[in-house]
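S.K.: Contents of work.txt (compact mmCIF, C-alpha atoms and all ligand atoms):
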# COMPACT_ATOMS: atom_id res chain seq x y z
CA MET A 530 -5.22 37.00 36.52
CA GLU A 531 -7.60 39.36 34.80
CA VAL A 532 -6.16 41.92 32.41
CA ASN A 533 -7.05 45.45 33.42
CA ASN A 534 -6.13 47.97 30.75
CA ASP A 535 -7.59 50.95 32.59
CA LEU A 536 -4.64 53.32 32.92
CA ASN A 537 -6.57 55.51 35.36
CA ARG A 538 -6.91 52.72 37.92
CA GLU A 539 -5.06 53.02 41.20
CA ILE A 540 -1.77 51.08 41.05
CA PRO A 541 -0.66 49.58 44.38
CA ILE A 542 2.75 50.69 45.70
CA LEU A 543 5.42 48.00 45.70
CA ASP A 544 8.06 47.91 48.43
CA TRP A 545 10.99 48.08 46.02
CA GLU A 546 13.56 48.36 48.81
CA SER A 547 12.89 44.77 49.84
CA HIS A 548 13.69 43.62 46.29
CA LEU A 549 17.12 45.26 46.11
CA ALA A 550 20.55 43.65 46.38
CA GLU A 551 22.43 43.96 49.68
CA ARG A 552 25.06 46.19 48.11
CA THR A 553 22.47 48.72 46.92
CA LYS A 554 21.83 49.70 50.53
CA GLY A 555 25.34 51.14 50.67
CA MET A 556 24.71 53.43 47.72
CA GLY A 557 23.98 57.09 48.36
CA SER A 558 23.12 60.06 46.17
CA SER A 559 25.95 62.37 45.29
CA VAL A 560 25.86 65.46 47.49
CA ILE A 561 27.39 67.38 44.60
CA ARG A 562 24.56 66.39 42.24
CA GLU A 563 22.14 67.56 44.95
CA LEU A 564 24.05 70.81 45.37
CA LEU A 565 24.20 71.30 41.63
CA LYS A 566 20.48 71.98 41.81
CA PHE A 567 21.43 75.30 43.39
CA THR A 568 23.29 76.32 40.26
CA GLN A 569 19.92 76.23 38.52
CA ASP A 570 18.71 79.03 40.81
CA PRO A 571 20.02 82.24 39.22
CA ASP A 572 20.00 84.05 42.58
CA ILE A 573 22.44 81.62 44.20
CA ILE A 574 26.16 82.03 43.75
CA SER A 575 27.45 78.49 43.64
CA PHE A 576 31.00 77.51 44.48
CA ALA A 577 29.71 73.97 44.96
CA GLY A 578 29.97 72.13 41.63
CA GLY A 579 33.16 71.23 39.82
CA LEU A 580 31.87 72.96 36.72
CA PRO A 581 34.19 74.30 34.04
CA ALA A 582 33.48 77.80 32.69
CA PRO A 583 30.72 77.23 30.11
CA GLU A 584 31.66 80.32 28.07
CA LEU A 585 34.95 78.58 27.27
CA PHE A 586 33.40 75.47 25.77
CA PRO A 587 34.57 75.03 22.17
CA THR A 588 30.99 75.21 20.86
CA ARG A 589 31.87 76.37 17.34
CA GLU A 590 34.50 73.66 16.93
CA VAL A 591 32.08 71.02 18.22
CA GLU A 592 29.45 72.25 15.77
CA GLU A 593 31.88 72.07 12.85
CA ALA A 594 33.13 68.66 13.90
CA CYS A 595 29.58 67.30 14.28
CA ILE A 596 28.65 68.48 10.80
CA TYR A 597 31.84 67.06 9.29
CA VAL A 598 31.54 63.70 11.09
CA ALA A 599 27.83 63.29 10.26
CA ARG A 600 28.40 64.19 6.60
CA GLU A 601 31.67 62.44 5.89
CA GLN A 602 31.87 59.63 8.41
CA GLY A 603 28.24 59.13 9.43
CA ARG A 604 27.99 55.47 8.48
CA LYS A 605 30.84 54.54 10.76
CA ALA A 606 30.34 57.17 13.43
CA LEU A 607 26.75 56.11 14.07
CA GLN A 608 27.54 52.38 14.12
CA TYR A 609 28.42 50.21 17.14
CA GLY A 610 32.13 50.42 17.85
CA ALA A 611 34.95 48.50 19.55
CA THR A 612 34.87 48.38 23.37
CA GLU A 613 38.47 49.62 23.47
CA GLY A 614 37.51 52.84 21.70
CA TYR A 615 37.99 54.49 18.33
CA LEU A 616 41.52 53.67 17.16
CA PRO A 617 42.51 57.07 15.67
CA LEU A 618 41.51 58.76 18.94
CA LYS A 619 43.47 56.17 20.94
CA GLU A 620 46.46 56.83 18.69
CA TYR A 621 46.16 60.57 19.18
CA LEU A 622 45.82 60.21 22.95
CA ALA A 623 48.70 57.77 23.25
CA ALA A 624 50.99 60.06 21.27
CA SER A 625 49.97 63.25 23.06
CA ILE A 626 50.13 61.95 26.64
CA HIS A 627 53.35 60.00 25.99
CA LYS A 628 55.06 63.39 25.82
CA TYR A 629 54.17 63.94 29.47
CA GLY A 630 55.87 60.75 30.57
CA ILE A 631 52.69 58.66 30.57
CA PRO A 632 53.65 55.30 29.08
CA ALA A 633 50.76 55.04 26.63
CA ILE A 634 50.48 53.15 23.36
CA PRO A 635 47.14 52.70 21.56
CA GLU A 636 46.87 49.11 22.86
CA ASN A 637 46.90 50.16 26.51
CA VAL A 638 44.40 53.02 26.23
CA LEU A 639 40.67 52.39 26.84
CA LEU A 640 38.09 55.10 26.16
CA THR A 641 35.47 55.46 28.90
CA ASN A 642 32.33 57.47 29.58
CA GLY A 643 34.32 60.05 31.57
CA SER A 644 36.77 59.07 34.30
CA GLN A 645 33.79 58.49 36.54
CA GLN A 646 33.07 55.33 34.57
CA ALA A 647 36.72 54.32 34.93
CA LEU A 648 36.32 54.60 38.72
CA ASP A 649 33.23 52.43 38.58
CA LEU A 650 34.99 49.80 36.42
CA ILE A 651 37.87 49.79 38.90
CA GLY A 652 35.38 49.06 41.66
CA LYS A 653 33.81 46.33 39.57
CA ILE A 654 37.05 44.47 38.91
CA PHE A 655 38.99 45.07 42.15
CA ILE A 656 36.62 45.45 45.08
CA ASP A 657 35.04 42.54 46.91
CA PRO A 658 32.55 43.41 49.68
CA GLY A 659 34.42 44.63 52.75
CA ARG A 660 37.72 45.16 50.90
CA TYR A 661 39.70 48.23 51.90
CA VAL A 662 40.83 51.06 49.64
CA LEU A 663 43.69 53.32 50.74
CA THR A 664 43.31 57.00 49.98
CA GLY A 665 43.89 60.47 51.39
CA ARG A 666 41.58 62.41 53.63
CA PRO A 667 39.94 64.34 52.11
CA THR A 668 39.45 62.50 48.82
CA TYR A 669 37.30 62.73 45.67
CA LEU A 670 33.64 62.33 46.52
CA GLY A 671 32.78 60.58 43.24
CA ALA A 672 35.30 57.82 43.97
CA ILE A 673 33.82 57.27 47.43
CA GLN A 674 30.38 57.03 45.86
CA ALA A 675 31.50 54.66 43.08
CA TRP A 676 33.30 52.27 45.42
CA ARG A 677 30.71 52.29 48.20
CA ALA A 678 28.40 50.66 45.68
CA TYR A 679 30.83 47.70 45.69
CA GLN A 680 30.84 47.71 49.52
CA ALA A 681 34.38 49.04 49.83
CA LYS A 682 35.79 50.19 53.16
CA PHE A 683 38.18 53.12 53.29
CA HIS A 684 41.39 53.60 55.22
CA THR A 685 42.63 57.15 54.87
CA MET A 686 45.92 58.97 55.24
CA ARG A 687 46.52 62.58 56.14
CA LEU A 688 47.06 65.29 53.54
CA ASP A 689 49.25 68.36 54.02
CA GLU A 690 50.41 71.15 51.67
CA GLN A 691 52.43 68.62 49.64
CA GLY A 692 49.51 66.23 49.21
CA MET A 693 49.10 62.80 50.74
CA VAL A 694 51.49 62.02 53.60
CA VAL A 695 53.01 58.97 51.95
CA ASP A 696 55.04 58.06 55.04
CA GLU A 697 51.78 56.74 56.45
CA ILE A 698 51.18 54.22 53.65
CA GLU A 699 53.13 51.32 55.10
CA ARG A 700 51.50 51.59 58.50
CA ALA A 701 48.07 51.92 56.88
CA TYR A 702 48.72 48.86 54.74
CA HIS A 703 49.58 46.72 57.77
CA LYS A 704 46.62 48.02 59.75
CA VAL A 705 44.26 47.04 56.90
CA LEU A 706 45.90 43.63 56.66
CA GLU A 707 45.55 43.12 60.40
CA ASP A 708 41.90 44.27 60.50
CA SER A 709 40.58 42.51 57.40
CA GLY A 710 43.07 39.71 56.72
CA LYS A 711 43.57 41.10 53.21
CA PRO A 712 45.80 43.79 51.75
CA PRO A 713 44.10 46.93 50.45
CA ALA A 714 42.67 46.57 46.92
CA PHE A 715 44.78 49.56 45.80
CA ILE A 716 45.87 53.05 46.75
CA TYR A 717 43.93 55.93 45.15
CA VAL A 718 45.92 59.09 44.48
CA LEU A 719 44.96 62.52 43.09
CA PRO A 720 48.39 63.78 42.05
CA ASN A 721 47.67 67.24 40.62
CA PHE A 722 45.49 70.04 42.02
CA HIS A 723 43.64 67.65 44.24
CA ASN A 724 39.86 67.60 44.32
CA PRO A 725 38.95 68.88 46.89
CA ALA A 726 42.21 69.95 48.60
CA GLY A 727 43.88 71.82 45.72
CA THR A 728 47.29 70.32 46.60
CA THR A 729 49.87 68.71 44.29
CA LEU A 730 51.86 65.67 45.36
CA SER A 731 55.55 66.64 45.35
CA LEU A 732 58.07 64.70 43.24
CA GLU A 733 59.82 63.51 46.37
CA ARG A 734 56.57 62.01 47.63
CA ARG A 735 55.75 60.44 44.26
CA ILE A 736 59.11 58.68 44.30
CA LYS A 737 58.54 57.56 47.89
CA LEU A 738 55.04 56.35 47.00
CA ALA A 739 56.42 54.39 44.03
CA GLU A 740 59.01 52.73 46.29
CA VAL A 741 56.50 51.81 48.99
CA ALA A 742 53.93 50.55 46.46
CA THR A 743 56.61 48.34 44.91
CA LYS A 744 57.74 47.05 48.28
CA LEU A 745 54.16 46.22 49.34
CA ASP A 746 53.06 45.01 45.88
CA LEU A 747 50.28 47.61 45.90
CA ALA A 748 48.36 48.72 42.80
CA VAL A 749 48.09 52.50 42.32
CA ILE A 750 45.18 54.44 40.81
CA GLU A 751 46.43 57.82 39.56
CA ASP A 752 43.36 59.97 38.87
CA ASP A 753 44.50 63.05 36.96
CA PRO A 754 41.65 65.13 35.50
CA TYR A 755 43.37 68.44 36.19
CA GLY A 756 47.02 67.78 35.25
CA GLN A 757 46.77 69.88 32.07
CA LEU A 758 45.38 72.86 33.95
CA ARG A 759 48.59 74.09 35.57
CA PHE A 760 48.75 77.89 35.89
CA GLU A 761 52.20 78.14 37.43
CA GLY A 762 55.06 76.09 38.86
CA GLU A 763 56.87 73.11 37.39
CA TYR A 764 55.30 70.05 35.79
CA VAL A 765 55.74 67.05 38.11
CA THR A 766 56.51 63.56 36.75
CA PRO A 767 53.43 61.33 36.85
CA ILE A 768 53.46 58.28 39.13
CA CYS A 769 52.66 56.04 36.16
CA SER A 770 55.99 56.91 34.57
CA LEU A 771 57.80 55.80 37.75
CA ILE A 772 55.91 52.51 38.17
CA PRO A 773 54.00 51.85 34.92
CA GLU A 774 53.61 48.16 35.72
CA ARG A 775 51.41 48.83 38.76
CA THR A 776 49.70 52.13 37.97
CA ILE A 777 46.27 52.64 36.42
CA TYR A 778 46.24 56.18 35.06
CA LEU A 779 42.93 58.03 34.47
CA GLY A 780 42.54 61.00 32.14
CA THR A 781 39.54 62.92 30.81
CA PHE A 782 38.44 65.55 28.27
CA SER A 783 35.93 66.89 30.82
CA LYS A 784 38.05 69.83 31.95
CA THR A 785 39.92 70.53 28.72
CA MET A 786 37.12 70.12 26.16
CA ALA A 787 33.69 69.70 27.82
CA PRO A 788 32.25 67.38 30.51
CA GLY A 789 29.02 66.90 28.57
CA LEU A 790 30.93 64.85 26.00
CA ARG A 791 31.55 62.23 28.72
CA LEU A 792 34.92 61.15 27.39
CA GLY A 793 37.72 59.84 29.55
CA TRP A 794 40.40 57.17 29.30
CA ILE A 795 42.29 54.54 31.23
CA VAL A 796 45.96 53.77 30.64
CA CYS A 797 47.11 50.50 32.17
CA SER A 798 49.21 47.44 31.39
CA GLU A 799 47.93 45.35 28.48
CA ALA A 800 47.54 42.35 30.79
CA LEU A 801 44.97 44.22 32.85
CA MET A 802 43.30 45.92 29.87
CA LYS A 803 41.49 42.69 28.99
CA ARG A 804 39.70 42.80 32.37
CA PHE A 805 38.62 46.40 31.90
CA ILE A 806 37.29 45.54 28.46
CA GLN A 807 35.26 42.64 29.87
CA ALA A 808 33.89 44.85 32.66
CA LYS A 809 32.99 47.63 30.23
CA GLN A 810 31.29 45.29 27.78
CA GLY A 811 28.75 44.31 30.43
CA CYS A 812 28.24 47.93 31.26
CA ASP A 813 27.70 49.78 27.98
CA LEU A 814 29.40 47.77 25.17
CA HIS A 815 31.49 50.83 24.28
CA THR A 816 31.76 54.59 24.67
CA GLY A 817 29.62 56.54 22.18
CA THR A 818 31.11 56.22 18.70
CA PHE A 819 29.86 59.57 17.43
CA VAL A 820 31.31 61.52 20.33
CA GLN A 821 34.68 59.82 19.90
CA TYR A 822 34.75 60.75 16.21
CA VAL A 823 33.87 64.35 17.11
CA ALA A 824 36.58 64.56 19.79
CA ASN A 825 39.08 63.01 17.41
CA ASP A 826 38.24 65.57 14.74
CA ILE A 827 38.72 68.42 17.22
CA CYS A 828 42.05 66.98 18.42
CA LYS A 829 43.31 66.49 14.87
CA ARG A 830 42.65 70.12 14.01
CA GLY A 831 45.22 71.13 16.63
CA ILE A 832 42.94 73.54 18.46
CA LEU A 833 43.17 71.82 21.84
CA LYS A 834 46.54 73.21 22.90
CA PRO A 835 45.68 76.92 22.42
CA HIS A 836 42.27 76.19 23.92
CA ILE A 837 43.83 74.74 27.08
CA ASN A 838 46.16 77.75 27.31
CA LYS A 839 43.12 80.00 27.29
CA ILE A 840 41.43 77.94 30.03
CA ARG A 841 44.58 78.17 32.16
CA GLU A 842 44.69 81.94 31.76
CA VAL A 843 41.05 82.43 32.72
CA TYR A 844 41.14 80.02 35.69
CA LYS A 845 44.33 81.59 37.03
CA GLU A 846 42.64 84.96 37.01
CA ARG A 847 39.62 83.50 38.82
CA ARG A 848 41.79 81.75 41.40
CA ASP A 849 43.61 85.03 42.06
CA THR A 850 40.30 86.87 42.32
CA MET A 851 39.02 84.32 44.84
CA VAL A 852 42.19 84.40 46.93
CA ASP A 853 42.24 88.22 46.96
CA ALA A 854 38.57 88.29 48.01
CA LEU A 855 39.20 85.71 50.75
CA THR A 856 42.06 87.86 52.06
CA GLU A 857 39.93 90.99 51.99
CA PHE A 858 36.60 89.72 53.32
CA TRP A 859 37.13 86.62 55.45
CA PRO A 860 37.89 86.55 59.17
CA GLU A 861 41.59 86.42 59.99
CA GLU A 862 41.28 83.02 61.66
CA CYS A 863 40.39 81.35 58.33
CA GLU A 864 42.94 79.80 55.99
CA TRP A 865 42.96 78.28 52.51
CA THR A 866 45.17 76.42 50.07
CA LEU A 867 46.77 78.14 47.05
CA PRO A 868 46.44 75.61 44.20
CA GLU A 869 48.87 75.91 41.28
CA GLY A 870 46.14 74.75 38.91
CA GLY A 871 42.79 73.00 38.67
CA LEU A 872 39.37 74.16 39.78
CA PHE A 873 39.22 74.17 43.57
CA LEU A 874 40.63 75.49 46.78
CA TRP A 875 40.05 74.20 50.27
CA ALA A 876 39.21 76.67 53.00
CA ARG A 877 39.26 76.15 56.76
CA VAL A 878 37.17 78.08 59.24
CA PRO A 879 37.47 78.22 63.07
CA GLU A 880 36.39 75.10 64.97
CA SER A 881 33.35 76.83 66.43
CA ILE A 882 31.75 76.69 62.96
CA ASP A 883 30.47 73.44 61.46
CA THR A 884 30.46 74.01 57.69
CA ASN A 885 27.58 71.59 57.13
CA VAL A 886 25.33 73.42 59.59
CA PHE A 887 26.57 76.80 58.37
CA LEU A 888 25.65 75.91 54.78
CA GLN A 889 22.09 74.93 55.66
CA GLU A 890 21.37 77.60 58.25
CA THR A 891 23.28 80.59 56.94
CA ALA A 892 25.11 80.36 53.59
CA LEU A 893 22.14 79.23 51.55
CA LYS A 894 20.02 81.98 53.10
CA GLU A 895 22.73 84.41 51.99
CA LYS A 896 22.39 82.73 48.60
CA VAL A 897 25.85 81.18 48.40
CA ALA A 898 26.62 77.46 48.07
CA TYR A 899 29.77 75.39 48.66
CA VAL A 900 30.49 71.75 49.52
CA PRO A 901 31.04 71.11 53.24
CA GLY A 902 34.36 69.36 53.90
CA VAL A 903 32.92 66.35 55.72
CA HIS A 904 31.58 64.91 52.46
CA PHE A 905 35.11 64.29 51.26
CA TYR A 906 35.95 62.16 54.29
CA PRO A 907 34.76 58.61 53.58
CA ASN A 908 34.70 57.80 57.30
CA ALA A 909 33.17 61.19 58.24
CA ASP A 910 36.13 61.71 60.60
CA GLY A 911 37.08 65.26 59.60
CA GLY A 912 36.34 68.20 57.34
CA HIS A 913 33.71 69.59 59.72
CA HIS A 914 35.39 72.98 59.70
CA ALA A 915 36.40 73.05 56.05
CA MET A 916 34.76 73.58 52.68
CA ARG A 917 35.57 73.14 49.01
CA LEU A 918 35.30 76.27 46.89
CA ASN A 919 35.19 76.11 43.10
CA PHE A 920 36.69 79.09 41.27
CA SER A 921 36.38 78.02 37.61
CA TYR A 922 32.65 78.48 37.06
CA SER A 923 31.78 82.01 38.15
CA GLN A 924 32.81 85.30 36.60
CA PRO A 925 35.31 87.33 38.69
CA GLU A 926 32.73 89.89 39.92
CA VAL A 927 30.43 87.06 41.01
CA ILE A 928 33.31 85.37 42.84
CA VAL A 929 34.01 88.58 44.76
CA GLU A 930 30.34 89.00 45.70
CA GLY A 931 29.98 85.36 46.82
CA ILE A 932 33.16 85.37 48.89
CA LYS A 933 32.15 88.70 50.43
CA ARG A 934 28.73 87.35 51.43
CA LEU A 935 30.31 84.27 52.97
CA GLY A 936 32.96 86.37 54.75
CA MET A 937 30.36 88.73 56.27
CA ALA A 938 28.25 85.79 57.41
CA LEU A 939 31.28 84.05 58.95
CA LYS A 940 32.28 87.21 60.82
CA LYS A 941 28.74 87.63 62.15
CA GLU A 942 28.65 83.98 63.20
CA LEU A 943 31.99 84.28 65.02
CA ALA A 944 30.97 87.50 66.73
CA GLY A 945 27.84 85.77 68.04
CA LYS A 946 29.71 82.77 69.50
C1 LIG B 1 39.25 63.65 40.79
C2 LIG B 1 38.17 63.42 39.80
N1 LIG B 1 38.08 62.21 39.21
C3 LIG B 1 37.12 61.95 38.31
C4 LIG B 1 36.20 62.92 37.95
C5 LIG B 1 35.13 62.57 36.95
O1 LIG B 1 35.37 63.21 35.77
P1 LIG B 1 34.63 62.87 34.40
O2 LIG B 1 33.85 64.07 34.04
O3 LIG B 1 35.75 62.59 33.45
O4 LIG B 1 33.79 61.65 34.64
C6 LIG B 1 36.27 64.19 38.53
C7 LIG B 1 35.28 65.22 38.18
O5 LIG B 1 35.18 66.27 38.70
C8 LIG B 1 37.28 64.44 39.47
O6 LIG B 1 37.41 65.63 40.06
Would you give me this structure, written as structure tokens?
Ligand SMILES: Cc1ncc(COP(=O)(O)O)c(C=O)c1O
M.R.:
Amino acid sequence: MEVNNDLNREIPILDWESHLAERTKGMGSSVIRELLKFTQDPDIISFAGGLPAPELFPTREVEEACIYVAREQGRKALQYGATEGYLPLKEYLAASIHKYGIPAIPENVLLTNGSQQALDLIGKIFIDPGRYVLTGRPTYLGAIQAWRAYQAKFHTMRLDEQGMVVDEIERAYHKVLEDSGKPPAFIYVLPNFHNPAGTTLSLERRIKLAEVATKLDLAVIEDDPYGQLRFEGEYVTPICSLIPERTIYLGTFSKTMAPGLRLGWIVCSEALMKRFIQAKQGCDLHTGTFVQYVANDICKRGILKPHINKIREVYKERRDTMVDALTEFWPEECEWTLPEGGLFLWARVPESIDTNVFLQETALKEKVAYVPGVHFYPNADGGHHAMRLNFSYSQPEVIVEGIKRLGMALKKELAGK
């Protein structure tokens, strides 16, 4: 072959699709990432992303911590680190979450690149092609996306105001066993301020879930990014404190510190930890050392607790603003959940309106964005008349304007039907 160094020559197009692995065909782009593009347009009011309020990011504390870490700990903080994570941060995390009933010790905590990486690692070590995952409907879009890449199938259970209807687990388990010849890989649960539904799984249901999971020998994934963001109501015992031996608990700094740090953690039994470490090694060797040192410095200064209290206060006000605006401006036939914490509420519109079509044909023209409900149904068997609305990102006056625009457009649409 002759070497042609002319960079201006025409390069033939390769059919890359034919080179890809079978499983890659099942991968899709995240609708949320696509919708996030709208947040770049200053004219669009976006309730679509799961973005924390940027004005609450602890920028000054991060700046101080970065300077301190670079100056005083630079030689270690810029070096490769252990796959398990930075020990002082693991110690801090274990001690602080232990108080909430999460059975953590430094040895069973693994730092990850956000909980999204934890979801991917779970897929990597648990899901064979065609294996079923049990979860609610709706469920977290990012988990669907992560596990589709491993060719998972989904069997879903209904959600009501108290979260997943756990009475359906046993039947679902047997149906999966009958259809695939294998038990489900695990059950995936969003216990607090569900994304997207906004619901919290009641204590009664957590106990029931723990009993059924034990009876069926089912592993449980407890994904809890919002647990710390409770505005009102009582703290509910985590599932991992009821059945620590079979629960993999996921936490993150994304909603309490900043998502751009990409810092999350897994708590699981030490026997399983070794598998996560192996899976993570192949993936990225370890989570960024520098960022772990910075987070550790911020945690050690004791500013996180008052910071989280501030976030709770602001988000509660925004939730109330959104709910008041929904009550004032939306058609009477619509309904929505009232989350006791977190970032989202779930709104339902009359059946004559398909929220996917309405987004494309009307809402975006009115310069408002949301996530249509169907995207949170892994089998696309519902959510056509629902949407997820984020209340943490926008200022109260923007929330009112966006909800008003949507309400007017919904009323017009209904009047025309
Ligand atoms: C339920 C749930 N799990 C996981 C994640 C991923 O979070 P992280 O930023 O820690 O990767 C999110 C983010 O919104 C989420 O809502």
S.K.: Write as a list in words the residues around ligand LIG 1 (chain B), taking 6 Å as the cut-off and counting only C-alpha atoms and all ligand atoms.
M.R.: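 The residues near ligand LIG 1 (chain B) are Gly579, Gly643, Ser644, Gln645, Tyr669, Asn724, Asp752, Pro754, Thr781, Ser783, Pro788 and Gly793 of chain A.
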S.K.: Can you measure atom CA of Arg759 of chain A to atom CA of Phe920 of chain A for me? One decimal in Å is fine.
M.R.: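 Between atom CA of Arg759 of chain A and atom CA of Phe920 of chain A the gap is 14.1 Å.
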S.K.: Show which residues sit within 9 Å of Arg687 of chain A, as a PDB file with C-alpha atoms, in the coordinates of the input. Count all atoms listed in the file, and ignore same-chain residues fewer than 5 positions away.
M.R.:
ATOM      1  CA  THR A 664      43.310  57.000  49.980  1.00  0.00           C
ATOM      2  CA  GLY A 665      43.890  60.470  51.390  1.00  0.00           C
ATOM      3  CA  ARG A 666      41.580  62.410  53.630  1.00  0.00           C
ATOM      4  CA  PRO A 667      39.940  64.340  52.110  1.00  0.00           C
ATOM      5  CA  GLY A 692      49.510  66.230  49.210  1.00  0.00           C
ATOM      6  CA  MET A 693      49.100  62.800  50.740  1.00  0.00           C
ATOM      7  CA  VAL A 694      51.490  62.020  53.600  1.00  0.00           C
ATOM      8  CA  VAL A 695      53.010  58.970  51.950  1.00  0.00           C
ATOM      9  CA  GLU A 697      51.780  56.740  56.450  1.00  0.00           C
TER      10      GLU A 697
END
S.K.: Considering all atoms listed in the file, give me a table of residues in segment 710-780 of chain A that are at most 12 Å from segment 652-661 of chain A, with the closest atom pair and distance in Å for each, as a tab-separated table.
M.R.:
residue	atom	partner	partner_atom	distance
A:Gly710	CA	A:Arg660	CA	9.6
A:Lys711	CA	A:Arg660	CA	7.5
A:Pro712	CA	A:Tyr661	CA	7.5
A:Pro713	CA	A:Tyr661	CA	4.8
A:Ala714	CA	A:Tyr661	CA	6.0
A:Phe715	CA	A:Tyr661	CA	8.0
A:Ile716	CA	A:Tyr661	CA	9.4
A:Tyr717	CA	A:Tyr661	CA	11.1
A:Ala748	CA	A:Phe655	CA	10.1
A:Val749	CA	A:Phe655	CA	11.7
A:Ile750	CA	A:Gly652	CA	11.2
A:Ile777	CA	A:Phe655	CA	12.0
S.K.: Show which residues sit within 12 Å of segment 813-818 of chain A, as an mmCIF file with C-alpha atoms, keeping the file's coordinate frame. Count all atoms listed in the file, and ignore same-chain residues fewer than 2 positions away.
M.R.:
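Result file follows (part-v3.cif):
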data_model
loop_
_atom_site.group_PDB
_atom_site.id
_atom_site.type_symbol
_atom_site.label_atom_id
_atom_site.label_comp_id
_atom_site.auth_asym_id
_atom_site.auth_seq_id
_atom_site.Cartn_x
_atom_site.Cartn_y
_atom_site.Cartn_z
ATOM 1 C CA VAL A 598 31.540 63.700 11.090
ATOM 2 C CA ALA A 599 27.830 63.290 10.260
ATOM 3 C CA GLN A 602 31.870 59.630 8.410
ATOM 4 C CA GLY A 603 28.240 59.130 9.430
ATOM 5 C CA ARG A 604 27.990 55.470 8.480
ATOM 6 C CA LYS A 605 30.840 54.540 10.760
ATOM 7 C CA ALA A 606 30.340 57.170 13.430
ATOM 8 C CA LEU A 607 26.750 56.110 14.070
ATOM 9 C CA GLN A 608 27.540 52.380 14.120
ATOM 10 C CA TYR A 609 28.420 50.210 17.140
ATOM 11 C CA GLY A 610 32.130 50.420 17.850
ATOM 12 C CA ALA A 611 34.950 48.500 19.550
ATOM 13 C CA THR A 612 34.870 48.380 23.370
ATOM 14 C CA GLU A 613 38.470 49.620 23.470
ATOM 15 C CA GLY A 614 37.510 52.840 21.700
ATOM 16 C CA TYR A 615 37.990 54.490 18.330
ATOM 17 C CA LEU A 616 41.520 53.670 17.160
ATOM 18 C CA PRO A 617 42.510 57.070 15.670
ATOM 19 C CA LEU A 618 41.510 58.760 18.940
ATOM 20 C CA LEU A 639 40.670 52.390 26.840
ATOM 21 C CA LEU A 640 38.090 55.100 26.160
ATOM 22 C CA THR A 641 35.470 55.460 28.900
ATOM 23 C CA ASN A 642 32.330 57.470 29.580
ATOM 24 C CA GLY A 643 34.320 60.050 31.570
ATOM 25 C CA SER A 644 36.770 59.070 34.300
ATOM 26 C CA GLN A 646 33.070 55.330 34.570
ATOM 27 C CA ALA A 647 36.720 54.320 34.930
ATOM 28 C CA LEU A 650 34.990 49.800 36.420
ATOM 29 C CA LEU A 790 30.930 64.850 26.000
ATOM 30 C CA ARG A 791 31.550 62.230 28.720
ATOM 31 C CA LEU A 792 34.920 61.150 27.390
ATOM 32 C CA GLY A 793 37.720 59.840 29.550
ATOM 33 C CA TRP A 794 40.400 57.170 29.300
ATOM 34 C CA PHE A 805 38.620 46.400 31.900
ATOM 35 C CA ILE A 806 37.290 45.540 28.460
ATOM 36 C CA GLN A 807 35.260 42.640 29.870
ATOM 37 C CA ALA A 808 33.890 44.850 32.660
ATOM 38 C CA LYS A 809 32.990 47.630 30.230
ATOM 39 C CA GLN A 810 31.290 45.290 27.780
ATOM 40 C CA GLY A 811 28.750 44.310 30.430
ATOM 41 C CA VAL A 820 31.310 61.520 20.330
ATOM 42 C CA GLN A 821 34.680 59.820 19.900
ATOM 43 C CA TYR A 822 34.750 60.750 16.210
ATOM 44 C CA VAL A 823 33.870 64.350 17.110
ATOM 45 C CA ALA A 824 36.580 64.560 19.790
ATOM 46 C CA ASN A 825 39.080 63.010 17.410
#
S.K.: Measuring atom to atom with all atoms listed in the file, identify which of A:Ile795, A:Ala787, A:Met556, A:Leu663 is nearest to Ala678 of chain A.
M.R.: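 Counting all atoms listed in the file, the residue closest to Ala678 of chain A is A:Met556.
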S.K.: Using only C-alpha atoms for the distances, tell me which of A:Glu751, A:Asp572, A:Asp649, A:Glu690 is nearest to Pro868 of chain A.
M.R.: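 Under the stated criterion, the closest residue is A:Glu690.
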S.K.: Mind checking which residues fall within 10 Å of Glu880 of chain A, counting all atoms listed in the file, ignoring those fewer than 6 positions away in the same chain, and posting them as a ChimeraX atom specification?
M.R.: /A:862-863,913-915
S.K.: Quick one: distance from atom CA of Leu874 of chain A to atom CA of Arg848 of chain A in Å, one decimal?
M.R.: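 Between atom CA of Leu874 of chain A and atom CA of Arg848 of chain A the gap is 8.3 Å.
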S.K.: Quick check, in Å to one decimal: how far apart do atom CA of Tyr906 of chain A and atom CA of Ala739 of chain A lie?
M.R.: 24.2 Å
S.K.: Of the candidates A:Ile698, A:Leu888, A:Ala854, A:Cys595, which one gets nearest to Asp826 of chain A if we count only C-alpha atoms?
M.R.: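 Between A:Ile698, A:Leu888, A:Ala854, A:Cys595, the residue approaching Asp826 of chain A most closely is A:Cys595.
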S.K.: Measuring atom to atom with all atoms listed in the file, identify which of A:Phe683, A:Tyr764, A:Tyr621, A:Trp545 is nearest to Arg830 of chain A.
M.R.: A:Tyr621
S.K.: Rank A:Leu872, A:Ile832, A:Leu580, A:Cys769 by their smallest atom-to-atom distance to His723 of chain A, using only C-alpha atoms, and report the top residue only.
M.R.: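 So, comparing all the options, the nearest one is A:Leu872.
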S.K.: Taking only C-alpha atoms into account, which of A:Ile736, A:Leu688, A:Ala909, A:Ile626 comes nearest Leu719 of chain A?
M.R.: A:Leu688
S.K.: List as an MDAnalysis selection string the protein and nucleic acid residues near segment 895-902 of chain A, meaning an atom at most 9 Å away when all atoms listed in the file are counted, but skip any in the same chain fewer than 3 places from it.
M.R.: chainID A and resid 560:561 564 567:568 572:578 667 725 875:877 883:888 891:892 905:906 911:919 931:932 934:935 938
